Each structure stands twice: as structure tokens, then as C-alpha cells.
file work10.cif (mmCIF, C-alpha atoms)
data_run
#
loop_
_atom_site.label_atom_id
_atom_site.label_comp_id
_atom_site.auth_asym_id
_atom_site.auth_seq_id
_atom_site.Cartn_x
_atom_site.Cartn_y
_atom_site.Cartn_z
CA MET R 128 0.00 0.00 0.00
CA GLY R 129 1.10 3.59 -0.04
CA HIS R 130 1.29 6.35 -2.57
CA GLU R 131 0.43 4.11 -5.53
CA THR R 132 -3.05 3.36 -4.15
CA HIS R 133 -5.61 5.63 -5.67
CA VAL R 134 -9.11 5.66 -4.22
CA GLU R 135 -11.77 8.10 -5.27
CA VAL R 136 -15.38 8.48 -4.27
CA ARG R 137 -17.72 7.81 -7.18
CA THR R 138 -20.78 9.95 -7.72
CA GLN R 139 -24.14 8.23 -7.31
CA ALA R 140 -24.66 8.33 -11.10
CA GLN R 141 -21.24 6.81 -11.79
CA TYR R 142 -21.87 4.18 -9.12
CA GLU R 143 -25.22 3.19 -10.66
CA TYR R 144 -23.64 3.08 -14.10
CA ASP R 145 -20.77 0.83 -12.95
CA LYS R 146 -23.19 -1.44 -11.14
CA ALA R 147 -25.38 -1.86 -14.23
CA HIS R 148 -22.26 -2.43 -16.30
CA SER R 149 -20.98 -5.21 -14.07
CA ARG R 150 -24.43 -6.81 -13.97
CA ALA R 151 -24.45 -6.87 -17.78
CA HIS R 152 -20.95 -8.36 -17.71
CA MET R 153 -22.12 -11.09 -15.32
CA ARG R 154 -24.94 -11.97 -17.73
CA LYS R 155 -22.33 -12.40 -20.45
CA GLN R 156 -20.36 -14.70 -18.15
CA VAL R 157 -23.44 -16.88 -17.67
CA VAL R 158 -23.77 -17.10 -21.47
CA ASN R 159 -20.10 -18.12 -21.65
CA PHE R 160 -20.80 -20.81 -19.07
CA ALA R 161 -23.77 -22.05 -21.10
CA ILE R 162 -21.50 -22.28 -24.17
CA MET R 163 -18.95 -24.31 -22.17
CA ILE R 164 -21.64 -26.72 -20.94
CA PHE R 165 -22.97 -27.03 -24.50
CA LEU R 166 -19.48 -27.82 -25.89
CA THR R 167 -19.02 -30.45 -23.17
CA PHE R 168 -22.33 -32.06 -24.12
CA ILE R 169 -21.33 -32.15 -27.79
CA ALA R 170 -17.96 -33.73 -26.94
CA PHE R 171 -19.52 -36.51 -24.84
CA ALA R 172 -22.33 -37.07 -27.33
CA ALA R 173 -19.91 -37.27 -30.27
CA VAL R 174 -17.92 -39.98 -28.49
CA LEU R 175 -21.05 -41.97 -27.60
CA ALA R 176 -22.41 -41.62 -31.15
CA ASP R 177 -19.93 -44.20 -32.42
CA PHE R 178 -18.29 -42.31 -35.30
CA SER R 179 -14.79 -43.17 -36.45
CA PRO R 180 -12.11 -42.12 -33.92
CA THR R 181 -9.98 -40.42 -36.60
CA PHE R 182 -12.95 -38.14 -37.24
CA ILE R 183 -13.97 -37.55 -33.61
CA ILE R 184 -10.57 -36.97 -31.96
CA PRO R 185 -9.69 -33.74 -33.82
CA ILE R 186 -13.22 -32.42 -33.12
CA ILE R 187 -13.15 -33.04 -29.35
CA LEU R 188 -9.63 -31.58 -29.13
CA LEU R 189 -10.89 -28.48 -30.95
CA LEU R 190 -13.87 -28.24 -28.57
CA ALA R 191 -11.46 -28.49 -25.60
CA GLY R 192 -9.35 -25.71 -27.14
CA ILE R 193 -12.37 -23.41 -27.51
CA GLN R 194 -13.38 -24.10 -23.90
CA VAL R 195 -9.92 -23.28 -22.62
CA VAL R 196 -9.77 -19.99 -24.53
CA LEU R 197 -13.19 -19.09 -23.06
CA GLN R 198 -11.95 -19.90 -19.55
CA LEU R 199 -8.75 -17.87 -19.97
CA TYR R 200 -10.28 -14.82 -21.62
CA ALA R 201 -13.73 -14.66 -20.02
CA PHE R 202 -13.55 -16.33 -16.61
CA MET R 203 -9.91 -15.45 -15.93
CA HIS R 204 -10.39 -11.89 -17.29
CA LEU R 205 -7.62 -11.83 -19.90
CA GLU R 206 -10.09 -10.03 -22.21
CA ASP R 207 -9.94 -7.10 -19.77
CA ARG R 208 -7.09 -5.14 -21.34
CA SER R 209 -6.71 -2.94 -18.25
CA THR R 210 -5.35 -5.95 -16.33
CA HIS R 211 -1.90 -5.07 -15.00
CA MET R 212 0.80 -6.34 -17.44
CA VAL R 213 -1.74 -8.31 -19.45
CA GLY R 214 0.74 -8.57 -22.34
CA VAL R 215 3.37 -10.22 -20.14
CA ILE R 216 0.76 -12.62 -18.76
CA GLU R 217 -0.35 -13.59 -22.26
CA PHE R 218 3.25 -14.06 -23.36
CA PHE R 219 3.89 -16.48 -20.50
CA ILE R 220 0.67 -18.42 -20.94
CA TRP R 221 0.97 -18.85 -24.71
CA SER R 222 4.67 -19.72 -24.41
CA ALA R 223 3.66 -22.41 -21.92
CA ALA R 224 1.01 -23.65 -24.36
CA PHE R 225 3.64 -23.81 -27.11
CA ILE R 226 6.03 -25.79 -24.86
CA ALA R 227 3.13 -28.09 -23.94
CA PHE R 228 2.48 -28.72 -27.63
CA THR R 229 6.20 -29.49 -28.19
CA PHE R 230 6.11 -32.08 -25.37
CA PHE R 231 3.03 -33.66 -26.89
CA VAL R 232 4.57 -33.92 -30.36
CA ALA R 233 7.93 -35.19 -29.05
CA PHE R 234 6.47 -37.82 -26.74
CA THR R 235 4.10 -39.23 -29.33
CA THR R 236 6.55 -39.31 -32.26
CA ILE R 237 10.20 -39.78 -31.31
CA ILE R 238 10.04 -41.38 -27.85
CA TRP R 239 10.28 -45.17 -27.99
CA TRP R 240 7.97 -45.93 -25.04
CA GLY R 241 4.91 -46.20 -27.24
CA ASN R 242 6.39 -49.16 -29.15
CA TYR R 243 5.98 -51.56 -26.27
CA MET M 276 -3.41 4.82 3.70
CA ASP M 277 -4.24 2.04 6.13
CA ILE M 278 -4.40 -1.47 4.71
CA ASN M 279 -7.51 -2.24 6.76
CA GLN M 280 -9.33 0.91 5.68
CA LYS M 281 -13.09 0.44 5.55
CA PHE M 282 -14.89 1.17 2.30
CA THR M 283 -18.40 1.91 1.14
CA PRO M 284 -19.76 0.69 -2.19
CA GLN M 285 -19.13 4.22 -3.53
CA THR M 286 -15.48 4.39 -2.51
CA TRP M 287 -14.73 0.77 -3.40
CA PRO M 288 -12.43 0.79 -6.49
CA LYS M 289 -13.63 -0.64 -9.79
CA HIS M 290 -10.75 -3.13 -9.83
CA PRO M 291 -10.21 -3.81 -6.10
CA GLU M 292 -7.81 -6.68 -6.83
CA GLN M 293 -5.50 -4.32 -8.70
CA ALA M 294 -5.87 -1.15 -6.66
CA THR M 295 -2.66 -1.77 -4.71
CA LEU M 296 0.84 -2.48 -5.97
CA GLU M 297 0.84 -5.66 -3.89
CA GLY M 298 -2.33 -6.85 -5.62
CA LYS M 299 -0.91 -6.12 -9.08
CA ASN M 300 2.33 -7.96 -8.37
CA LYS M 301 0.52 -10.86 -6.75
CA LEU M 302 -1.62 -11.48 -9.83
CA VAL M 303 1.26 -11.28 -12.32
CA GLY M 304 3.19 -13.68 -10.09
CA LEU M 305 0.25 -16.07 -9.91
CA TRP M 306 -0.08 -16.06 -13.71
CA ILE M 307 3.61 -16.90 -14.11
CA PHE M 308 3.09 -19.78 -11.68
CA LEU M 309 0.09 -20.95 -13.72
CA ALA M 310 2.22 -20.86 -16.89
CA SER M 311 4.90 -23.02 -15.23
CA ASP M 312 2.19 -25.35 -13.93
CA THR M 313 0.94 -25.67 -17.51
CA VAL M 314 4.37 -26.94 -18.55
CA LEU M 315 4.41 -29.37 -15.60
CA PHE M 316 1.00 -30.77 -16.57
CA ALA M 317 2.06 -30.90 -20.23
CA SER M 318 4.93 -33.27 -19.44
CA VAL M 319 2.62 -35.58 -17.48
CA PHE M 320 -0.02 -35.43 -20.22
CA ALA M 321 2.56 -36.30 -22.88
CA THR M 322 3.82 -39.19 -20.72
CA TYR M 323 0.27 -40.49 -20.34
CA ILE M 324 -0.38 -40.33 -24.09
CA ALA M 325 2.87 -42.14 -24.84
CA LEU M 326 2.25 -44.86 -22.23
CA LYS M 327 -1.49 -45.34 -22.69
CA ASP M 328 -2.48 -49.02 -22.75
CA SER M 329 1.15 -50.18 -22.44
CA GLY M 330 2.23 -52.59 -19.75
CA PRO M 331 3.39 -56.15 -19.16
CA ALA M 332 2.40 -58.80 -21.69
CA GLY M 333 -1.11 -60.09 -21.11
CA MET M 334 -2.23 -56.94 -19.28
CA GLU M 335 -5.99 -57.15 -18.95
CA PHE M 336 -6.65 -53.44 -18.51
CA ALA M 337 -7.24 -51.20 -21.50
CA ALA M 338 -8.49 -47.64 -21.36
CA ARG M 339 -11.45 -48.59 -23.57
CA ASP M 340 -12.91 -50.96 -20.95
CA LEU M 341 -11.70 -49.18 -17.84
CA TYR M 342 -13.25 -45.72 -17.95
CA GLU M 343 -16.88 -44.96 -17.26
CA LEU M 344 -18.15 -41.91 -19.10
CA PRO M 345 -21.19 -41.13 -16.87
CA LEU M 346 -18.90 -40.65 -13.86
CA ALA M 347 -16.47 -38.48 -15.87
CA PHE M 348 -19.44 -36.46 -17.14
CA ILE M 349 -20.77 -35.76 -13.64
CA MET M 350 -17.29 -34.79 -12.43
CA THR M 351 -16.93 -32.42 -15.40
CA MET M 352 -20.28 -30.78 -14.65
CA LEU M 353 -19.38 -30.31 -10.96
CA LEU M 354 -16.05 -28.67 -11.77
CA LEU M 355 -17.45 -26.49 -14.58
CA THR M 356 -20.25 -25.27 -12.32
CA SER M 357 -17.77 -24.52 -9.53
CA SER M 358 -15.93 -22.35 -12.05
CA LEU M 359 -19.10 -20.31 -12.61
CA THR M 360 -19.78 -19.96 -8.88
CA SER M 361 -16.35 -18.46 -8.35
CA VAL M 362 -17.11 -15.99 -11.17
CA TYR M 363 -20.22 -15.06 -9.15
CA ALA M 364 -18.03 -14.56 -6.07
CA MET M 365 -15.80 -12.13 -8.03
CA TYR M 366 -18.91 -10.32 -9.33
CA HIS M 367 -20.04 -9.72 -5.74
CA MET M 368 -16.53 -8.63 -4.80
CA LYS M 369 -16.72 -5.87 -7.42
CA ASN M 370 -20.00 -4.71 -5.88
CA TYR M 371 -18.53 -4.72 -2.36
CA ASN M 372 -20.92 -7.42 -1.22
CA TYR M 373 -18.85 -9.49 1.19
CA SER M 374 -21.54 -11.98 2.19
CA GLY M 375 -22.01 -12.69 -1.54
CA VAL M 376 -18.29 -13.38 -1.90
CA ARG M 377 -18.31 -15.76 1.07
CA THR M 378 -21.48 -17.57 0.02
CA TRP M 379 -20.37 -18.18 -3.57
CA MET M 380 -16.84 -19.13 -2.53
CA GLY M 381 -18.43 -21.57 -0.06
CA ILE M 382 -20.56 -23.09 -2.84
CA THR M 383 -17.39 -23.39 -4.94
CA VAL M 384 -15.73 -25.34 -2.12
CA LEU M 385 -18.76 -27.65 -1.78
CA LEU M 386 -18.80 -28.41 -5.52
CA GLY M 387 -15.04 -29.02 -5.42
CA LEU M 388 -15.53 -31.40 -2.49
CA GLY M 389 -18.18 -33.29 -4.46
CA PHE M 390 -15.74 -33.60 -7.35
CA LEU M 391 -13.01 -34.84 -5.00
CA CYS M 392 -15.28 -37.49 -3.44
CA LEU M 393 -16.15 -38.87 -6.90
CA GLU M 394 -12.45 -38.95 -7.83
CA ILE M 395 -11.57 -40.82 -4.62
CA TYR M 396 -14.39 -43.28 -5.34
CA GLU M 397 -13.06 -43.76 -8.88
CA PHE M 398 -9.48 -44.40 -7.73
CA TYR M 399 -10.72 -46.75 -5.01
CA HIS M 400 -12.71 -48.70 -7.60
CA TYR M 401 -9.68 -49.03 -9.93
CA VAL M 402 -7.39 -50.20 -7.15
CA HIS M 403 -10.10 -52.61 -6.00
CA ILE M 404 -10.27 -54.33 -9.41
CA GLY M 405 -6.47 -54.62 -9.51
CA PHE M 406 -5.54 -51.49 -11.47
CA GLY M 407 -3.16 -50.10 -8.84
CA TYR M 408 -0.39 -47.52 -9.22
CA THR M 409 2.36 -50.11 -9.80
CA GLN M 410 0.26 -52.40 -12.00
CA SER M 411 1.63 -51.16 -15.33
CA ALA M 412 3.22 -48.20 -17.10
CA PHE M 413 -0.31 -47.22 -18.13
CA SER M 414 -1.64 -47.23 -14.56
CA SER M 415 1.35 -45.22 -13.25
CA ALA M 416 0.89 -42.61 -15.98
CA PHE M 417 -2.87 -42.45 -15.36
CA PHE M 418 -2.65 -42.05 -11.58
CA THR M 419 0.19 -39.52 -11.85
CA LEU M 420 -1.75 -37.33 -14.27
CA VAL M 421 -5.23 -37.50 -12.74
CA GLY M 422 -3.86 -37.71 -9.19
CA MET M 423 -1.76 -34.57 -9.70
CA HIS M 424 -4.91 -32.75 -10.81
CA GLY M 425 -6.67 -34.10 -7.73
CA LEU M 426 -3.84 -32.77 -5.57
CA HIS M 427 -4.35 -29.35 -7.15
CA VAL M 428 -8.05 -29.57 -6.24
CA VAL M 429 -7.15 -30.41 -2.62
CA ILE M 430 -4.74 -27.45 -2.45
CA GLY M 431 -7.39 -25.17 -3.95
CA LEU M 432 -10.00 -26.34 -1.43
CA VAL M 433 -7.64 -25.79 1.53
CA TRP M 434 -6.66 -22.39 0.10
CA ILE M 435 -10.23 -21.09 -0.38
CA THR M 436 -11.46 -22.54 2.93
CA GLY M 437 -8.53 -20.91 4.70
CA LEU M 438 -9.30 -17.56 3.05
CA ILE M 439 -12.95 -17.70 4.11
CA ILE M 440 -12.10 -18.62 7.72
CA ARG M 441 -9.22 -16.19 8.14
CA ASN M 442 -11.18 -13.26 6.71
CA SER M 443 -14.52 -14.12 8.31
CA SER M 444 -14.53 -11.13 10.67
CA ARG M 445 -12.30 -8.78 8.67
CA GLY M 446 -14.72 -7.64 6.01
CA LEU M 447 -13.79 -6.92 2.43
CA ASN M 448 -10.82 -4.58 1.95
CA LEU M 449 -7.86 -4.00 -0.34
CA TYR M 450 -5.82 -6.48 1.73
CA ASN M 451 -7.94 -9.54 1.03
CA ALA M 452 -9.54 -8.64 -2.33
CA PRO M 453 -6.41 -9.70 -4.32
CA LYS M 454 -6.24 -12.88 -2.22
CA PHE M 455 -9.78 -13.93 -3.16
CA PHE M 456 -9.13 -12.99 -6.78
CA ALA M 457 -5.91 -15.06 -6.91
CA ALA M 458 -7.69 -18.09 -5.41
CA SER M 459 -10.45 -17.79 -8.00
CA LEU M 460 -7.89 -17.58 -10.85
CA TYR M 461 -6.21 -20.72 -9.52
CA TRP M 462 -9.58 -22.47 -9.35
CA HIS M 463 -10.31 -21.62 -13.00
CA PHE M 464 -6.91 -23.03 -13.93
CA ILE M 465 -7.86 -26.33 -12.26
CA ASP M 466 -10.90 -26.37 -14.53
CA VAL M 467 -8.75 -25.61 -17.59
CA VAL M 468 -6.59 -28.66 -16.83
CA TRP M 469 -9.68 -30.81 -16.25
CA VAL M 470 -11.07 -29.87 -19.69
CA PHE M 471 -8.01 -31.52 -21.20
CA ILE M 472 -8.17 -34.48 -18.80
CA PHE M 473 -11.76 -35.35 -19.67
CA THR M 474 -10.99 -34.92 -23.37
CA VAL M 475 -7.60 -36.64 -23.61
CA VAL M 476 -7.96 -39.26 -20.87
CA TYR M 477 -11.63 -40.19 -20.69
CA LEU M 478 -13.11 -39.38 -24.11
CA MET M 479 -10.06 -40.41 -26.14
CA GLY M 480 -9.64 -43.41 -23.83
CA VAL M 481 -13.13 -44.67 -24.58
CA LEU M 482 -12.52 -44.13 -28.31
CA GLY M 483 -9.62 -46.58 -28.02
#
call {"tool": "encode", "arguments": {"input": "work10.cif", "output": "C-alpha cells"}}
result
Amino acid sequence: MGHETHVEVRTQAQYEYDKAHSRAHMRKQVVNFAIMIFLTFIAFAAVLADFSPTFIIPIILLLAGIQVVLQLYAFMHLEDRSTHMVGVIEFFIWSAAFIAFTFFVAFTTIIWWGNY
Amino acid sequence: MDINQKFTPQTWPKHPEQATLEGKNKLVGLWIFLASDTVLFASVFATYIALKDSGPAGMEFAARDLYELPLAFIMTMLLLTSSLTSVYAMYHMKNYNYSGVRTWMGITVLLGLGFLCLEIYEFYHYVHIGFGYTQSAFSSAFFTLVGMHGLHVVIGLVWITGLIIRNSSRGLNLYNAPKFFAASLYWHFIDVVWVFIFTVVYLMGVLG
């Protein structure tokens, strides 16, 4: 705490406006949640529907990817560009995702464990 | 300015979790931790994919017959819903409604506990039918991956419960707002990892 903390009293009008704004934002979050539930349903239904795995696997991985982006940007507030150092945060998270992808590719192609 | 200063809804900042330098630094630090945790989970995921269904000759356990989708589906719903309830808690934090924060964080903990009980039941069932940790390379990879996620859930539950208890008589201020926000970010991350677990482990496991 100290000099960098800036607190100001909002006027009643500004307060009402902010409150309405955050209520609207919460409604959007509920819609995001509904989309996530819907994507989960599709993923489970697609697997139970007995299509060919080579067709289903890319689709459920894509659905998982969409869900994760929704979580990161909506629920974890990365879409809020006023977040402190949001660019640094994004750099770290997407670098981690890239490294994760490298692990996945390396372990499934050049590691010999899978041959047993 | 005093760290325990009392606020009114009018003086409460729009971004209480980032109103102090400590809060800002805390959240950037937490995100860097989450990025490193992503890499940790990635290595265990990759190990699981490489070792899936492999084990000693004549191993009777295959992912296709082992997993039960209804259980995985209920666990997914519990964890997804707990993600939404922690969004509700952060919504009430913005409006300076402390009882709302506590209630929704409490519901988040209850949903997380439900998830944990189902996971313990699932592990117990697997060990009971002979699919223990040392049974095969497949079982070790499975329990390491899903168990590590379960450990994250336990840590998250202890964290949020501790926050609620420790701040029960303090009221909402700029000292604990970043703490609640960080715990909710961590909880969302647990859900992010679970999205990949139910896709890669359970759904792709059942597909064979």
C-alpha cells in the first residue's frame, strides 16, 4: 500500500452506471458458461455416437481448445485489457502452451515408449 | 493509507484486486506460476499419451474398458459449475458485497468437495479391481496425471477454505480482495486442466 493506491469516491450516477455495467458483464459470463456446458455435451455425445475415432478426436480436441480460450479470456479476465501487465501474462501463458504442444509432439513421435 | 481501511460501495475501487501495488504484483506472479504449472501438466499429459495401454504382456486393462463416461461427465459438470460460482463470487466482490463473496466461494468449495469425493471413489474402484499404481506403465501414468490434478483440487479447497475462515470477521478490503481474486484464478486453472483431462484421458480413452 502507499502512494500508488488511488481511491476516489464515485458519484451516485457513476456508481449506478458501474453497477449496471458489471451486472451486464455477469450476464455475459453466464452465457459463456452455457456455451462451455454445451461444448461439453457435444464432446460426450460425439464420443457416444460411435463415429470413427480419426474423425472424432480432432473435433473433441478443438472443442477443448475453444473451452480453454473461453476460460482464460472470459472467466480469468484476460479479455480485460486494463489488467496489470496483461501482455506479459499472455506471453507467459501462450509460451507455456507452445512448450506443452512441443512435449506432446515429441512424446508421441520420437520417444520409444509407445512401441511396447 | 491504512491497509484495513473500511470502504463503502461508492469508494470501493472498480478493480479492487489491482488497486494496490501488492495486488498487481501478486496477480502477475500467480499467472507466471500458472504458466509453469501448464508446462508441468504438459509433461505428465505427454507421458500419459505415450504410455497409454502399455504394460506387461497379457495386461488385462485397457483404457477402452476401464473408464466410465457417466462418472467423468458428472465430475466435469461439478467442476465447470464450480468455475461459474467463483465468477459469481468475483462479481459480488466488485459490488462490495462481502456476504455474496463468502457464500459463492463456499458453494465453490462444496462443488469441489463433491468432485473430489467422486475422484476418490473412482481411484478406489480401480485399485479394487487390480488397477493399482504399480500395475503397469499405463496405470502409473494415469494415476500420476489424474492424481496430480486431484492434488491441485485439494490445495485449492484448503486455500479457499482458509481464506474464508481467516477473513470471516475482517470484512472486504484491499488487503484480502487480491487474495480472493488469486484463489479464483487458480480455481479456473484447475478447470482448464480438467477440460483436457476429460478430453484426452476419458473421451479419447473410450474411443480406443
call {"tool": "residues_around", "arguments": {"input": "work10.cif", "residues": "region 180-192 of chain R", "least_positions_apart": "2", "cutoff": "8 Å", "atoms": "only C-alpha atoms", "output": "VMD selection string"}}
result
(chain R and resid 166 to 167 170 173 to 174 178 194 to 196) or (chain M and resid 470 to 471 474 to 475 479 482 to 483)
call {"tool": "write_last_selection", "arguments": {"input": "work10.cif", "atoms": "C-alpha atoms", "output": "PDB file, keeping the file's coordinate frame"}}
result
ATOM      1  CA  LEU R 166     -19.480 -27.820 -25.890  1.00  0.00           C
ATOM      2  CA  THR R 167     -19.020 -30.450 -23.170  1.00  0.00           C
ATOM      3  CA  ALA R 170     -17.960 -33.730 -26.940  1.00  0.00           C
ATOM      4  CA  ALA R 173     -19.910 -37.270 -30.270  1.00  0.00           C
ATOM      5  CA  VAL R 174     -17.920 -39.980 -28.490  1.00  0.00           C
ATOM      6  CA  PHE R 178     -18.290 -42.310 -35.300  1.00  0.00           C
ATOM      7  CA  GLN R 194     -13.380 -24.100 -23.900  1.00  0.00           C
ATOM      8  CA  VAL R 195      -9.920 -23.280 -22.620  1.00  0.00           C
ATOM      9  CA  VAL R 196      -9.770 -19.990 -24.530  1.00  0.00           C
TER      10      VAL R 196
ATOM     11  CA  VAL M 470     -11.070 -29.870 -19.690  1.00  0.00           C
ATOM     12  CA  PHE M 471      -8.010 -31.520 -21.200  1.00  0.00           C
ATOM     13  CA  THR M 474     -10.990 -34.920 -23.370  1.00  0.00           C
ATOM     14  CA  VAL M 475      -7.600 -36.640 -23.610  1.00  0.00           C
ATOM     15  CA  MET M 479     -10.060 -40.410 -26.140  1.00  0.00           C
ATOM     16  CA  LEU M 482     -12.520 -44.130 -28.310  1.00  0.00           C
ATOM     17  CA  GLY M 483      -9.620 -46.580 -28.020  1.00  0.00           C
TER      18      GLY M 483
END
call {"tool": "axis_aligned_box", "arguments": {"input": "work10.cif", "around": "region 159-162 of chain R", "padding_each_side": "3 Å", "output": "lines of an AutoDock Vina configuration file"}}
result
center_x = -21.9
center_y = -20.2
center_z = -21.6
size_x = 9.7
size_y = 10.2
size_z = 11.1
call {"tool": "resolve_selection", "arguments": {"input": "work10.cif", "expression": "the PyMOL selection byres ((chain R and resi 226) around 12)", "output": "list of chain:residue names"}}
result
R:Phe219, R:Ile220, R:Trp221, R:Ser222, R:Ala223, R:Ala224, R:Phe225, R:Ala227, R:Phe228, R:Thr229, R:Phe230, R:Phe231, R:Val232, R:Ala233, M:Ala310, M:Ser311, M:Asp312, M:Thr313, M:Val314, M:Leu315, M:Phe316, M:Ala317, M:Ser318, M:Ala321
call {"tool": "write_last_selection", "arguments": {"input": "work10.cif", "atoms": "C-alpha atoms", "output": "compact mmCIF listing (two decimals), in the frame of the given file"}}
result
# COMPACT_ATOMS: atom_id res chain seq x y z
CA PHE R 219 3.89 -16.48 -20.50
CA ILE R 220 0.67 -18.42 -20.94
CA TRP R 221 0.97 -18.85 -24.71
CA SER R 222 4.67 -19.72 -24.41
CA ALA R 223 3.66 -22.41 -21.92
CA ALA R 224 1.01 -23.65 -24.36
CA PHE R 225 3.64 -23.81 -27.11
CA ALA R 227 3.13 -28.09 -23.94
CA PHE R 228 2.48 -28.72 -27.63
CA THR R 229 6.20 -29.49 -28.19
CA PHE R 230 6.11 -32.08 -25.37
CA PHE R 231 3.03 -33.66 -26.89
CA VAL R 232 4.57 -33.92 -30.36
CA ALA R 233 7.93 -35.19 -29.05
CA ALA M 310 2.22 -20.86 -16.89
CA SER M 311 4.90 -23.02 -15.23
CA ASP M 312 2.19 -25.35 -13.93
CA THR M 313 0.94 -25.67 -17.51
CA VAL M 314 4.37 -26.94 -18.55
CA LEU M 315 4.41 -29.37 -15.60
CA PHE M 316 1.00 -30.77 -16.57
CA ALA M 317 2.06 -30.90 -20.23
CA SER M 318 4.93 -33.27 -19.44
CA ALA M 321 2.56 -36.30 -22.88
call {"tool": "closest_residue", "arguments": {"input": "work10.cif", "among": "M:Pro291, M:Gly437, M:Gly304, M:Pro345", "to": "Gly381 (chain M)", "atoms": "all atoms listed in the file"}}
result
M:Gly437
call {"tool": "resolve_selection", "arguments": {"input": "work10.cif", "expression": "the PyMOL selection byres ((chain R and resi 212-215) around 12)", "output": "VMD selection string"}}
result
(chain R and resid 199 to 200 203 to 211 216 to 222) or (chain M and resid 293 299 to 304 306 to 307 310)
call {"tool": "atom_distance", "arguments": {"input": "work10.cif", "atom1": "CA of Ala161 (chain R)", "atom2": "CA of Leu386 (chain M)"}}
result
17.5 Å
